[in-house]
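Heads up: the structure comes next, in structure tokens.
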Amino acid sequence: MKSTTGELGVEKPGKLLLQYSIPAIIATVATSLYNIIGRIFIGHGVGALAISGLALTFPLMNITAAFGSMVGIGASAMVSIRLGQHNRQEATKVLGNAFMLNIILAIIVSSLTFIFLEPILYSLGASKDTLPFAKKYMQVILIGNVFGHLYLGLNNIIRASGYPQKAMIITLYTVGVNLLLAPLFIFVFHWGIRGAALATVCAQITGTVLTIIHFSKSESFVHFLPGYFKLKISIIKDIVSIGMSNFLVLICSSVVVSIVNISLKKYGGDYAIGAFGIINSIANLVVMIVVGLNQGMQPIVGYNYGAHHIQRVLKTFKLTVKTATYVTCIGFLLIHLFPRIIVSAFTTNKELIALSITGIKLNLAALPIVGFQIVTSSFFQSIGKAKISIFLSLSRQILFLIPALLILPNFWGLKGVWLGAPTADISSTILTSLVLIFQLKYLKNESVISENS
């Protein structure tokens, strides 16, 4: 597969978005589908409480993933911008720094989390019934966490350096390994929830090996070179500043999910936490399609912004927003028309099914507008405007969602917990629209200047 970075500055934005986003969408949807199927395996092979135990690990998984996401997203954006500036050497330095930084952060974060795992899980809403499931799952995930960091981080850079199809194929390989091993470990070897976690780690090892093989080949447009692995403060600053948006979003998401789990335990019990886990899995499938669109948009926007082709940047952004909105609207209709069929795939427990159906209708009430907010935040990240991206990403979590989760349950109990998400989605979309209108004026001015220069 040849790198297609040269096309980013000349090919039609619509064609490029298809070329880059379809492989990314296939990869993200495949990963999301695995997560759904994995929860179905756990629900039927281990039990309903195991789903609740797994749901408790979401915030902790987000915290550990936040560091890898920060490096991967930040580095991929920097690679795109440097390639747009025709600076291949600097792009190679970013790759080497991202590789080393992922390893260091993964070891530190995993070690600290492993030591304090049990008290952390209790603080996240675990009970004596759900703790064993959550603890067994996370112990295995943390041991193999360095592979998760490397796989996700390097795969983003493969896409950003002009190999969207290869990034997709590597992801599909990892998903395939996961889907093959999970039922084997759970139903044949009877390793329970630890088996599900071990299948995930094995898949991440597979993905890491494949990405390292890609970057070890000299014919890869950006590849490993001796002397380029030395950490440089300036490069780390760039990576962290751009990736900080994703980092803070995941950290805040962890805080939010923790608040939700604690509230759900208070107002609905362990099964309500399990219901939230099911709802998250379903919503994540729709959101991952939008994430795939973002991943397709990022190298196009980053390259053209680096090359001062502002009109192409804006056209790509508008097309991505429109497509993302179509996706979230279709997802909304399907979820609200067939909630029982969807939820029943996860479990046969009647109480869990009833809680999930009620929750899904309320919690995802504002799904159609979510795509716009996600794409806009990612857009500013892709052009290196980290502060705006961070502000937009955190506005939903800090300014709107956390207050809603603390206030609404006092009036409506469990219903108030479910209504927190749509309240935040509507509020943050209004704020994002205002910021976008203001910032587009600056980008259009940049377009006029670049055309006249």
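Naming works like this for the structure tokens: A, B, ... for the chains as they're shown, residue 1 at the start of each chain, ligands 1 onward in shown order.
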- Message: At a cut-off of 10 Å, using only C-alpha atoms, what residues contact Asn102 (chain A)? Leave out same-chain residues fewer than 4 positions from it and give the result as a PyMOL selection string.
- Response: chain A and resi 67-72+97-98+106-107+146-154
- Non-local contacts of Gln139 (chain A) (9 Å; only C-alpha atoms; under 6 positions in same chain excluded) as a VMD selection string: chain A and resid 114 117 194 197
Could you please take those selected residues and save N, CA and C atoms as a CSV table (one decimal), in the first residue's frame?
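Below is the file that was written, out16.csv:
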chain,number,residue,atom,x,y,z
A,114,PHE,N,-2.8,-0.6,39.5
A,114,PHE,CA,-2.8,-2.0,40.0
A,114,PHE,C,-2.6,-2.0,41.5
A,117,LEU,N,-6.0,-0.8,43.1
A,117,LEU,CA,-7.1,-1.2,42.4
A,117,LEU,C,-8.4,-1.4,43.2
A,194,ARG,N,-12.1,-13.0,33.5
A,194,ARG,CA,-10.7,-12.9,33.2
A,194,ARG,C,-10.4,-13.4,31.8
A,197,ALA,N,-11.0,-10.5,29.5
A,197,ALA,CA,-9.9,-9.5,29.5
A,197,ALA,C,-8.7,-10.0,28.8
- Query: By how many Å are CA of Phe247 (chain A) and CA of Ile25 (chain A) apart?
  - Reply: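 Between CA of Phe247 (chain A) and CA of Ile25 (chain A) the gap is 21.5 Å.
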- Query: Counting only C-alpha atoms, what is within 8 Å of Thr31 (chain A), bar same-chain residues fewer than 5 positions away, as a ChimeraX atom specification?
  - Reply: /A:171-172,175
Could you take the residues named above and write them with C-alpha atoms, as an mmCIF file, in the first residue's frame?
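Now in result_2.cif:
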data_model
loop_
_atom_site.group_PDB
_atom_site.id
_atom_site.type_symbol
_atom_site.label_atom_id
_atom_site.label_comp_id
_atom_site.auth_asym_id
_atom_site.auth_seq_id
_atom_site.Cartn_x
_atom_site.Cartn_y
_atom_site.Cartn_z
ATOM 1 C CA THR A 171 -7.744 -2.963 13.586
ATOM 2 C CA LEU A 172 -9.801 -5.690 11.929
ATOM 3 C CA VAL A 175 -10.955 -7.418 16.506
#
- Query: Could you pull the residues within 9 Å of Arg88 (chain A), counting only C-alpha atoms, minus those fewer than 4 positions along the same chain, as number ranges by chain?
  - Reply: A: 79, 82-83, 92-93, 221-222
- Message: Quick one: residues within 7 Å of Gly84 (chain A), only C-alpha atoms, excluding same-chain residues fewer than 4 positions away - as a ChimeraX atom specification?
- Response: /A:80,303-304,306-307
Could the residues in this selection be saved with C-alpha atoms as a PDB file, in the first residue's frame?
ATOM      1  CA  SER A  80      -0.408  15.486   9.524  1.00  0.00           C
ATOM      2  CA  TYR A 303      -2.497  18.590   6.025  1.00  0.00           C
ATOM      3  CA  ASN A 304      -4.425  21.377   4.274  1.00  0.00           C
ATOM      4  CA  GLY A 306      -0.473  23.151   7.362  1.00  0.00           C
ATOM      5  CA  ALA A 307      -0.386  23.931   3.618  1.00  0.00           C
TER       6      ALA A 307
END
- Item | DSSP helix (DSSP H, G or I) selection over region 174-408 of chain A, as an MDAnalysis selection string | chainID A and resid 174:188 192:216 233:267 270:306 310:337 339:344 350:363 367:382 386:407
- Query: How many Å lie between CA of Thr28 (chain A) and CA of Ala66 (chain A), rounded to one decimal?
  - Reply: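 Those two atoms sit 17.0 Å apart.
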- Item | Counting only C-alpha atoms, the option among A:Phe372, A:Phe99, A:Tyr442, A:Phe215 closest to Lys166 (chain A) |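 Comparing A:Phe372, A:Phe99, A:Tyr442, A:Phe215 against Lys166 (chain A), the winner is A:Phe215.
Distances here use only C-alpha atoms; by that measure, the residue among A:Leu184, A:Ile81, A:Ala196, A:Ala366 closest to Tyr305 (chain A) is A:Ile81.
In this comparison, which uses only C-alpha atoms, the residue of A:Glu351, A:Pro409, A:Gln298, A:Gly125 approaching Ser258 (chain A) most closely is A:Gly125.
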